[in-house]
$ cat model35.txt   # compact mmCIF, C-alpha atoms
# COMPACT_ATOMS: atom_id res chain seq x y z
CA MET A 1 48.10 2.24 13.71
CA SER A 2 51.72 2.60 12.62
CA ALA A 3 52.66 4.57 15.73
CA ASN A 4 50.94 2.10 18.04
CA ARG A 5 52.54 -0.94 16.44
CA LEU A 6 56.01 0.57 16.18
CA SER A 7 55.92 1.82 19.78
CA ALA A 8 55.51 -1.81 20.89
CA LYS A 9 58.51 -2.95 18.83
CA LEU A 10 60.99 -0.05 19.05
CA LYS A 11 61.82 0.15 22.74
CA ASP A 12 64.39 2.97 22.70
CA TRP A 13 62.90 5.13 19.97
CA HIS A 14 61.02 8.40 20.30
CA ILE A 15 57.83 8.38 18.24
CA THR A 16 55.91 11.63 17.71
CA VAL A 17 52.59 12.06 15.94
CA ILE A 18 51.76 15.55 14.63
CA ASP A 19 48.08 16.24 13.94
CA ARG A 20 45.93 19.31 13.62
CA ASP A 21 43.47 18.66 16.49
CA ASP A 22 42.25 16.07 18.98
CA ASN A 23 39.17 14.96 17.00
CA HIS A 24 39.67 11.56 15.41
CA ARG A 25 36.70 10.97 13.07
CA TYR A 26 35.47 7.57 11.96
CA GLN A 27 35.23 8.57 8.31
CA PRO A 28 33.16 5.59 7.05
CA GLY A 29 30.38 6.97 9.24
CA PHE A 30 30.07 10.11 7.11
CA LEU A 31 28.15 7.94 4.63
CA PHE A 32 25.56 7.04 7.26
CA MET A 33 24.97 10.35 9.07
CA PRO A 34 22.74 11.85 6.34
CA PHE A 35 20.29 8.96 6.84
CA GLY A 36 20.29 9.11 10.65
CA ILE A 37 22.02 5.73 10.99
CA TYR A 38 24.91 7.15 13.01
CA SER A 39 24.95 10.22 15.24
CA PRO A 40 27.91 12.64 15.34
CA GLU A 41 28.79 11.44 18.83
CA GLN A 42 29.34 7.90 17.53
CA LEU A 43 31.96 9.04 15.02
CA THR A 44 34.41 11.03 17.13
CA LYS A 45 37.02 10.05 19.71
CA SER A 46 40.04 11.79 21.17
CA ARG A 47 43.19 11.19 19.15
CA ARG A 48 45.08 10.93 22.42
CA GLU A 49 42.82 8.03 23.44
CA THR A 50 43.63 6.13 20.25
CA LEU A 51 47.42 6.37 20.73
CA SER A 52 49.75 4.41 22.96
CA LYS A 53 50.94 6.35 25.98
CA LYS A 54 54.47 5.76 24.67
CA VAL A 55 53.73 8.02 21.68
CA ASN A 56 54.18 11.80 21.89
CA LEU A 57 51.24 13.72 20.38
CA VAL A 58 51.66 17.29 19.10
CA PHE A 59 48.84 19.47 17.76
CA GLY A 60 49.66 21.91 14.98
CA GLU A 61 49.46 22.69 11.26
CA ILE A 62 52.37 21.56 9.11
CA ASP A 63 53.85 24.25 6.90
CA ARG A 64 56.38 22.11 5.03
CA ILE A 65 58.82 19.23 5.20
CA ASN A 66 62.51 19.72 4.47
CA GLY A 67 63.54 16.27 3.30
CA ASP A 68 67.16 17.24 2.70
CA GLU A 69 67.58 18.33 6.34
CA ASN A 70 65.11 15.85 7.90
CA LYS A 71 62.88 18.51 9.41
CA VAL A 72 59.12 19.03 9.80
CA MET A 73 58.20 22.69 10.19
CA LEU A 74 54.89 23.86 11.65
CA THR A 75 53.08 27.09 10.86
CA ASN A 76 53.63 28.26 14.47
CA GLY A 77 57.41 28.12 14.01
CA GLN A 78 58.05 24.81 15.76
CA VAL A 79 60.56 22.52 14.04
CA PHE A 80 60.84 18.75 14.56
CA ASP A 81 63.89 16.75 13.50
CA TYR A 82 63.43 13.16 12.39
CA ASP A 83 65.45 10.12 11.47
CA TYR A 84 62.47 8.51 9.71
CA LEU A 85 59.23 10.12 8.61
CA ILE A 86 55.86 8.46 8.03
CA ILE A 87 53.36 10.56 6.08
CA ALA A 88 49.75 9.53 6.69
CA THR A 89 47.90 12.77 5.98
CA GLY A 90 45.22 11.26 3.73
CA VAL A 91 43.19 13.10 1.13
CA ALA A 92 40.34 15.58 1.50
CA PRO A 93 37.50 16.85 -0.73
CA ARG A 94 38.45 19.95 -2.71
CA PRO A 95 35.31 21.51 -4.19
CA ASP A 96 37.38 24.61 -5.05
CA GLN A 97 38.86 22.62 -7.94
CA THR A 98 35.53 22.59 -9.85
CA PRO A 99 34.00 25.89 -11.04
CA GLY A 100 30.79 26.62 -9.18
CA LEU A 101 31.00 23.70 -6.77
CA ALA A 102 32.51 25.40 -3.72
CA GLU A 103 30.15 28.35 -4.20
CA GLY A 104 27.21 25.96 -4.49
CA ILE A 105 28.07 24.09 -1.29
CA GLU A 106 28.48 27.40 0.52
CA SER A 107 25.37 29.24 -0.69
CA ASN A 108 23.10 26.95 -2.76
CA ASP A 109 20.92 24.76 -0.55
CA ALA A 110 20.54 22.35 -3.46
CA VAL A 111 24.28 21.47 -3.54
CA HIS A 112 25.85 19.18 -0.93
CA GLU A 113 28.65 16.66 -0.26
CA PHE A 114 29.12 13.94 2.37
CA TYR A 115 32.88 13.41 2.21
CA SER A 116 33.54 15.76 5.14
CA TYR A 117 32.12 15.80 8.67
CA ASP A 118 30.47 19.23 8.23
CA GLY A 119 29.19 18.31 4.77
CA SER A 120 27.61 15.10 6.05
CA LEU A 121 25.88 16.98 8.88
CA ALA A 122 24.51 19.61 6.47
CA LEU A 123 23.22 16.92 4.10
CA ALA A 124 21.46 15.17 7.00
CA LYS A 125 19.57 18.38 7.70
CA LYS A 126 18.69 18.75 4.02
CA LEU A 127 17.40 15.18 3.61
CA LYS A 128 15.27 15.45 6.73
CA ASN A 129 13.00 17.95 4.97
CA PHE A 130 13.43 16.79 1.37
CA GLN A 131 10.08 16.27 -0.36
CA GLY A 132 11.18 14.96 -3.75
CA GLY A 133 12.63 16.01 -7.10
CA ARG A 134 15.68 15.28 -9.24
CA VAL A 135 18.53 13.87 -7.16
CA VAL A 136 21.92 13.66 -8.88
CA LEU A 137 25.02 12.07 -7.42
CA ASN A 138 28.10 13.23 -9.32
CA ILE A 139 31.68 12.01 -8.99
CA VAL A 140 33.96 14.78 -10.21
CA GLU A 141 37.16 12.81 -10.70
CA MET A 142 38.99 9.65 -9.63
CA PRO A 143 40.71 8.64 -7.40
CA ILE A 144 38.50 9.24 -4.37
CA LYS A 145 38.37 7.93 -0.84
CA CYS A 146 36.38 4.70 -0.73
CA PRO A 147 35.48 4.48 -4.42
CA VAL A 148 32.32 2.45 -3.67
CA ALA A 149 30.91 5.07 -1.26
CA PRO A 150 29.04 7.00 -4.00
CA LEU A 151 27.32 3.75 -5.00
CA GLU A 152 26.48 3.05 -1.37
CA PHE A 153 25.05 6.53 -0.96
CA SER A 154 22.81 6.03 -4.00
CA PHE A 155 21.57 2.66 -2.72
CA LEU A 156 20.97 3.99 0.80
CA ALA A 157 19.22 7.08 -0.58
CA ASP A 158 16.89 4.85 -2.60
CA ASP A 159 16.06 2.92 0.59
CA TYR A 160 15.69 6.12 2.63
CA PHE A 161 13.26 7.68 0.15
CA LYS A 162 11.21 4.48 0.21
CA THR A 163 10.96 4.54 4.00
CA GLN A 164 9.95 8.22 3.81
CA GLY A 165 7.21 7.30 1.34
CA ILE A 166 8.51 9.64 -1.38
CA ARG A 167 10.51 7.32 -3.69
CA ASN A 168 7.89 7.76 -6.42
CA LYS A 169 8.55 11.51 -6.22
CA VAL A 170 12.32 11.17 -6.70
CA ALA A 171 14.22 10.70 -9.97
CA MET A 172 17.78 9.54 -9.25
CA THR A 173 20.84 9.82 -11.51
CA TYR A 174 24.32 8.43 -10.88
CA SER A 175 26.85 10.51 -12.83
CA THR A 176 30.40 9.22 -13.10
CA PRO A 177 33.56 9.98 -15.10
CA LEU A 178 34.02 6.23 -15.52
CA GLY A 179 32.60 4.26 -18.41
CA ALA A 180 30.57 2.13 -15.99
CA ALA A 181 29.54 1.98 -12.34
CA PHE A 182 32.99 0.69 -11.28
CA THR A 183 36.48 0.32 -12.68
CA GLN A 184 36.56 -3.50 -12.76
CA PRO A 185 34.25 -5.28 -15.25
CA ILE A 186 32.76 -8.09 -13.15
CA ALA A 187 31.98 -5.79 -10.22
CA ALA A 188 30.77 -3.08 -12.61
CA LYS A 189 28.24 -5.51 -14.02
CA ALA A 190 26.94 -6.40 -10.56
CA PHE A 191 26.75 -2.79 -9.42
CA GLY A 192 25.16 -1.71 -12.70
CA ALA A 193 22.48 -4.37 -12.30
CA THR A 194 21.75 -3.13 -8.77
CA LEU A 195 21.44 0.47 -9.98
CA GLU A 196 19.04 -0.68 -12.71
CA GLU A 197 17.04 -2.75 -10.22
CA LYS A 198 16.62 0.35 -8.05
CA GLN A 199 15.72 2.52 -11.06
CA ILE A 200 18.75 4.77 -10.69
CA ALA A 201 19.82 6.12 -14.08
CA VAL A 202 23.54 6.03 -14.90
CA GLU A 203 25.28 8.84 -16.81
CA PRO A 204 28.73 7.40 -17.69
CA ASP A 205 31.81 9.23 -19.01
CA PHE A 206 30.53 12.47 -17.51
CA MET A 207 33.53 14.76 -17.09
CA ILE A 208 32.10 17.71 -15.23
CA MET A 209 33.15 21.19 -16.33
CA GLU A 210 31.09 23.29 -13.91
CA VAL A 211 28.16 23.50 -11.54
CA ASN A 212 25.70 26.12 -12.75
CA ASN A 213 24.07 27.42 -9.57
CA GLU A 214 21.71 29.73 -11.46
CA THR A 215 20.03 26.97 -13.45
CA ASN A 216 20.82 24.11 -11.01
CA GLU A 217 22.61 22.02 -13.62
CA ILE A 218 25.93 20.24 -13.87
CA VAL A 219 27.63 20.69 -17.23
CA SER A 220 30.17 18.34 -18.80
CA TYR A 221 33.03 19.21 -21.14
CA ASP A 222 31.10 17.65 -24.01
CA GLU A 223 28.22 20.04 -23.15
CA ARG A 224 25.84 17.52 -21.63
CA ARG A 225 23.66 19.05 -18.93
CA ILE A 226 22.02 17.28 -15.99
CA PRO A 227 19.44 19.33 -14.06
CA PHE A 228 19.04 18.77 -10.33
CA ASP A 229 16.89 19.71 -7.37
CA LEU A 230 19.48 18.13 -5.09
CA LEU A 231 23.10 17.59 -6.13
CA ILE A 232 25.27 15.34 -4.00
CA SER A 233 28.80 15.91 -5.22
CA VAL A 234 31.91 13.85 -4.62
CA PRO A 235 34.53 16.56 -5.19
CA VAL A 236 38.09 16.11 -6.37
CA ASN A 237 40.07 14.39 -3.61
CA MET A 238 43.56 15.77 -3.02
CA GLY A 239 46.38 15.32 -0.56
CA GLN A 240 47.65 18.11 1.67
CA ASP A 241 49.03 21.24 -0.01
CA PHE A 242 52.16 21.24 2.15
CA LEU A 243 53.32 18.06 0.41
CA SER A 244 53.63 19.85 -2.92
CA ARG A 245 55.21 22.86 -1.23
CA SER A 246 57.76 20.42 0.17
CA GLY A 247 58.54 18.88 -3.21
CA LEU A 248 57.05 15.56 -2.12
CA GLY A 249 53.65 15.61 -3.83
CA ASN A 250 52.44 15.14 -7.41
CA GLU A 251 49.68 17.15 -9.13
CA LEU A 252 47.11 15.77 -6.65
CA ASN A 253 49.47 16.31 -3.69
CA LEU A 254 49.98 12.55 -3.41
CA VAL A 255 53.40 11.18 -2.49
CA PRO A 256 54.99 8.96 -5.18
CA VAL A 257 56.16 5.74 -3.52
CA ASP A 258 57.17 2.17 -4.34
CA LYS A 259 53.82 0.37 -4.51
CA PHE A 260 55.15 -2.71 -2.66
CA THR A 261 57.01 -1.03 0.23
CA GLN A 262 55.52 2.51 0.38
CA VAL A 263 58.98 4.08 0.60
CA SER A 264 59.22 7.51 -1.03
CA ASP A 265 60.69 7.73 -4.52
CA LYS A 266 62.73 10.72 -3.34
CA TYR A 267 63.94 9.90 0.18
CA SER A 268 64.79 6.46 1.54
CA ASN A 269 63.87 7.49 5.11
CA VAL A 270 60.37 8.70 4.20
CA PHE A 271 57.30 6.48 3.87
CA ALA A 272 53.76 7.47 2.84
CA LEU A 273 50.84 5.29 3.92
CA GLY A 274 47.13 5.10 3.23
CA ASP A 275 45.46 7.69 1.03
CA ALA A 276 48.51 9.98 1.15
CA ASN A 277 50.46 7.92 -1.39
CA ASN A 278 49.99 7.32 -5.11
CA ILE A 279 49.87 3.52 -5.25
CA PRO A 280 47.45 2.09 -7.87
CA ALA A 281 45.10 0.65 -5.25
CA SER A 282 41.75 1.81 -3.92
CA LYS A 283 41.88 4.67 -1.45
CA ALA A 284 39.98 2.56 1.06
CA GLY A 285 40.39 2.05 4.78
CA SER A 286 41.11 -1.64 4.25
CA VAL A 287 44.07 -0.76 2.03
CA ALA A 288 45.57 1.33 4.84
CA HIS A 289 44.99 -1.48 7.34
CA PHE A 290 46.59 -4.18 5.17
CA GLU A 291 49.35 -1.79 4.13
CA VAL A 292 50.36 -1.22 7.75
CA ASP A 293 50.67 -4.97 8.34
CA VAL A 294 53.30 -5.11 5.62
CA PHE A 295 54.90 -1.74 6.42
CA VAL A 296 55.74 -2.51 10.05
CA GLU A 297 57.67 -5.66 9.13
CA ASN A 298 59.46 -3.84 6.31
CA PHE A 299 60.32 -0.90 8.55
CA ILE A 300 61.98 -3.16 11.12
CA GLN A 301 64.13 -4.62 8.35
CA HIS A 302 64.84 -1.18 6.85
CA ILE A 303 66.19 0.41 10.03
CA ALA A 304 68.40 -2.64 10.54
CA GLY A 305 69.97 -1.99 7.14
CA GLN A 306 68.34 -5.05 5.60
CA GLU A 307 66.40 -5.45 2.38
CA MET A 308 62.64 -4.98 2.74
CA THR A 309 61.36 -8.43 1.79
CA HIS A 310 57.62 -8.00 2.44
CA ARG A 311 55.50 -6.83 -0.50
CA PHE A 312 52.10 -5.18 -0.25
CA ASP A 313 49.90 -6.61 -3.00
CA GLY A 314 47.28 -3.83 -3.14
CA HIS A 315 44.79 -5.89 -1.13
CA ALA A 316 41.45 -4.17 -0.60
CA ASN A 317 38.06 -5.32 0.55
CA CYS A 318 34.96 -3.21 0.87
CA PHE A 319 31.42 -3.69 2.05
CA ILE A 320 28.84 -1.96 -0.15
CA GLU A 321 25.55 -1.15 1.59
CA THR A 322 22.66 -1.80 -0.79
CA GLY A 323 19.75 -0.85 1.48
CA GLY A 324 17.10 -2.96 3.16
CA GLY A 325 19.58 -4.36 5.68
CA LYS A 326 21.77 -5.97 3.03
CA ALA A 327 25.21 -5.32 1.59
CA MET A 328 27.68 -6.63 -0.98
CA LEU A 329 31.35 -7.41 -0.41
CA ILE A 330 34.31 -7.17 -2.78
CA ASP A 331 37.89 -8.42 -2.26
CA PHE A 332 40.70 -7.70 -4.75
CA ASN A 333 44.28 -6.51 -5.23
CA TYR A 334 46.66 -5.09 -7.84
CA ASN A 335 46.27 -8.09 -10.15
CA VAL A 336 42.93 -9.72 -9.30
CA GLN A 337 39.65 -7.92 -9.90
CA PRO A 338 36.66 -8.46 -7.56
CA LEU A 339 35.22 -11.93 -8.15
CA PRO A 340 32.15 -13.79 -6.91
CA GLY A 341 32.66 -16.46 -4.25
CA LYS A 342 32.97 -16.72 -0.49
CA TYR A 343 35.10 -14.77 1.99
CA PRO A 344 37.38 -15.22 3.80
CA TYR A 345 37.37 -19.02 3.37
CA SER A 346 36.22 -21.17 0.49
CA ILE A 347 33.68 -23.44 2.23
CA ILE A 348 32.45 -21.78 5.42
CA GLY A 349 32.58 -18.24 4.14
CA PRO A 350 30.65 -16.89 5.96
CA MET A 351 30.33 -13.90 3.62
CA ARG A 352 29.36 -13.89 -0.04
CA LEU A 353 31.28 -11.85 -2.56
CA LEU A 354 29.32 -9.65 -5.01
CA LYS A 355 26.02 -10.83 -3.52
CA GLN A 356 23.52 -8.82 -1.48
CA THR A 357 23.27 -10.53 1.92
CA ARG A 358 22.29 -9.76 5.49
CA MET A 359 25.62 -11.15 6.73
CA ASN A 360 27.57 -8.60 4.67
CA HIS A 361 25.47 -5.81 6.18
CA LEU A 362 26.18 -7.07 9.70
CA GLY A 363 29.88 -7.15 8.84
CA LYS A 364 29.72 -3.55 7.70
CA MET A 365 27.97 -2.39 10.86
CA ALA A 366 30.38 -4.35 13.09
CA PHE A 367 33.36 -2.65 11.50
CA ARG A 368 33.02 0.54 13.58
CA TRP A 369 33.62 -1.42 16.80
CA MET A 370 36.54 -3.25 15.19
CA TYR A 371 38.02 0.04 14.00
CA TRP A 372 38.14 1.57 17.48
CA HIS A 373 39.03 -1.56 19.49
CA ILE A 374 41.20 -3.68 17.17
CA LEU A 375 42.56 -1.75 14.19
CA MET A 376 43.48 1.57 15.79
CA PRO A 377 45.20 0.05 18.85
CA GLY A 378 47.21 -2.14 16.45
CA ARG A 379 45.85 -5.50 17.55
CA PRO A 380 46.11 -8.36 15.04
CA MET A 381 43.20 -9.17 12.72
CA PRO A 382 42.35 -12.79 11.78
CA VAL A 383 42.56 -11.88 8.07
CA SER A 384 45.80 -11.94 6.08
CA ALA A 385 47.17 -8.72 4.63
CA GLN A 386 47.80 -10.64 1.41
CA MET A 387 44.74 -11.36 -0.72
CA SER A 388 43.80 -15.02 -0.99
CA LEU A 389 42.17 -16.71 -3.99
CA SER A 390 40.49 -19.17 -1.63
CA GLY A 391 36.75 -19.25 -2.25
CA LYS A 392 36.90 -17.05 -5.36
CA GLU A 393 35.50 -18.11 -8.74
CA THR A 394 38.81 -17.76 -10.58
CA GLU A 395 37.44 -19.53 -13.67
CA LEU A 396 35.93 -16.13 -14.57
CA LEU A 397 39.42 -14.71 -15.18
CA ASP A 398 40.89 -14.80 -18.67
CA HIS A 399 44.36 -16.20 -19.48
CA GLN A 400 46.07 -12.80 -19.23
CA GLN A 401 44.60 -12.14 -15.81
CA LEU A 402 45.54 -15.63 -14.60
CA ALA A 403 49.12 -14.98 -15.75
CA LYS A 404 49.18 -11.82 -13.62
CA VAL A 405 47.95 -13.79 -10.62
CA ALA A 406 50.67 -16.40 -11.16
CA SER A 407 53.36 -13.72 -11.32
$ encode --input "model35.txt" --output "structure tokens"
Amino acid sequence: MSANRLSAKLKDWHITVIDRDDNHRYQPGFLFMPFGIYSPEQLTKSRRETLSKKVNLVFGEIDRINGDENKVMLTNGQVFDYDYLIIATGVAPRPDQTPGLAEGIESNDAVHEFYSYDGSLALAKKLKNFQGGRVVLNIVEMPIKCPVAPLEFSFLADDYFKTQGIRNKVAMTYSTPLGAAFTQPIAAKAFGATLEEKQIAVEPDFMIMEVNNETNEIVSYDERRIPFDLLISVPVNMGQDFLSRSGLGNELNLVPVDKFTQVSDKYSNVFALGDANNIPASKAGSVAHFEVDVFVENFIQHIAGQEMTHRFDGHANCFIETGGGKAMLIDFNYNVQPLPGKYPYSIIGPMRLLKQTRMNHLGKMAFRWMYWHILMPGRPMPVSAQMSLSGKETELLDHQQLAKVAS
């Protein structure tokens, strides 16, 4: 998105995108593949097709970045000089960070994940022949890509088992390191009620220590044990290793940046967007989309030697599939937690916040088309990058939260 938008504004600049291959995956679809809702063919396009013809595309693995000399070095020996660098390398599941998890995914048919393309395909095959038992969804650690996706998976799995006629043969547990189903209290209450309604047990504050593949149990640091017949893990999510090798990444290989402008703390000509940075916002696709709206305007000011006057407010909105052709919707930012109400406008909506509706589900399913045809090409969306309080039930906020909103 950044390359496409900047290529339309910077007439005499050379813009190069470096990526590892030509397969651009629609990552939100990984959630749906295990249930047969999307096929693999619907989730992949050529990266070249998604980029403006004005943008140079190079395939290769990055070895490191030399920020002092403004160079990007590839593992094949190629070196690219830059005047400005945009890092948008995301995060990826790292099961190797949890004892027993990588081994389980590799050799234990009872251990799976859906946060990668291959993992989602393997889980689809497993669910196709699943006859029942103890199903545990475990989140290893936060932050993760799309923090509501584990909830969505649980809700969709409940619906899937019902349609397969085996829900009465399945005991489901949602295991999380958080103290509740979500980080924000009002949304946590709504999600918790939905889990209870669907008879999905919640195991909060579960800090996993290991996956025991001999006994098919996950074990926490406080020695709690949860047995499973099918474990769906959400592994630790980390940025790319080359970022730490380059002195640009923190302990999770995320790039520390200014949360309002996304400029690197270390180099004024380096920006990190989307999941690759460490801003205190959800690692959700919507955050990347809204972030880019602000970034492009700031970048034009920055290269002109002007102050960056646009501020990204952490705006995120997410659809949460709840099964049965319905979904919830949340909309929030750095200062305002998800609230009930209507979105995007106060009277006409048409979508309800924190309510299960058919309209929210249709919005979720329409997003794939919007992703390929509007967002990726860099076309404008009819929704502001800045979060609006219009339609939200702000009377639910306390005085301290209202003060944050005012500031």
$ atom_distance --input "model35.txt" --atom1 "atom CA of Leu121 of chain A" --atom2 "atom CA of Met33 of chain A"
6.7 Å
$ axis_aligned_box --input "model35.txt" --around "segment 143-148 of chain A" --padding-each-side "4 Å" --output "JSON"
{"center_x": 36.5, "center_y": 5.8, "center_z": -4.1, "size_x": 16.4, "size_y": 14.8, "size_z": 14.7}
$ residues_near_point --input "model35.txt" --point "(21.9, -4.6, 0.8)" --cutoff "12 Å" --atoms "all atoms listed in the file" --output "number ranges by chain"
A: 151-156, 158-159, 191, 194-195, 198, 319-329, 352, 354-365
$ residues_around --input "model35.txt" --residues "Asp63 of chain A" --least-positions-apart "5" --cutoff "10 Å" --atoms "only C-alpha atoms" --output "number ranges by chain"
A: 72-79, 241-243, 245-246
$ atom_distance --input "model35.txt" --atom1 "atom CA of Leu178 of chain A" --atom2 "atom CA of Asn278 of chain A"
19.1 Å
$ closest_residue --input "model35.txt" --among "A:Val255, A:Val336, A:Ile62, A:Ile218" --to "Ile186 of chain A" --atoms "all atoms listed in the file"
A:Val336
$ closest_residue --input "model35.txt" --among "A:Asn237, A:Gln301, A:Ser39, A:Ser2" --to "Pro377 of chain A" --atoms "all atoms listed in the file"
A:Ser2
$ closest_residue --input "model35.txt" --among "A:Phe295, A:Trp372, A:Asn333, A:Ile303" --to "Glu49 of chain A" --atoms "all atoms listed in the file"
A:Trp372
$ residues_around --input "model35.txt" --residues "Asn4 of chain A" --least-positions-apart "2" --cutoff "6 Å" --atoms "all atoms listed in the file" --output "list in words"
Met1, Ser2, Leu6, Ser7, Ser52 and Gly378 of chain A
$ residues_around --input "model35.txt" --residues "Phe182 of chain A" --least-positions-apart "6" --cutoff "10 Å" --atoms "all atoms listed in the file" --output "number ranges by chain"
A: 147-148, 151, 176, 188-192
$ residues_around --input "model35.txt" --residues "segment 256-263 of chain A" --least-positions-apart "3" --cutoff "9 Å" --atoms "only C-alpha atoms" --output "PyMOL selection string"
chain A and resi 248-250+266-273+277-281+291+294-295+298-299+308-314
$ closest_residue --input "model35.txt" --among "A:Thr16, A:Asn212, A:Asn129, A:Asn23" --to "Asn108 of chain A" --atoms "all atoms listed in the file"
A:Asn212
$ atom_distance --input "model35.txt" --atom1 "atom CA of Tyr117 of chain A" --atom2 "atom CA of Gly60 of chain A"
19.6 Å
$ closest_residue --input "model35.txt" --among "A:Ala88, A:Val135, A:Cys146, A:Ile105" --to "Pro28 of chain A" --atoms "only C-alpha atoms"
A:Cys146
$ closest_residue --input "model35.txt" --among "A:Ala92, A:Leu230, A:Leu137, A:Ala8" --to "Leu252 of chain A" --atoms "all atoms listed in the file"
A:Ala92
$ residues_around --input "model35.txt" --residues "segment 169-172 of chain A" --least-positions-apart "2" --cutoff "9 Å" --atoms "all atoms listed in the file" --output "list in words"
Gln131, Gly132, Gly133, Arg134, Val135, Val136, Leu137, Ser154, Asp158, Phe161, Gly165, Ile166, Arg167, Tyr174, Gln199, Ile200, Ala201 and Val202 of chain A
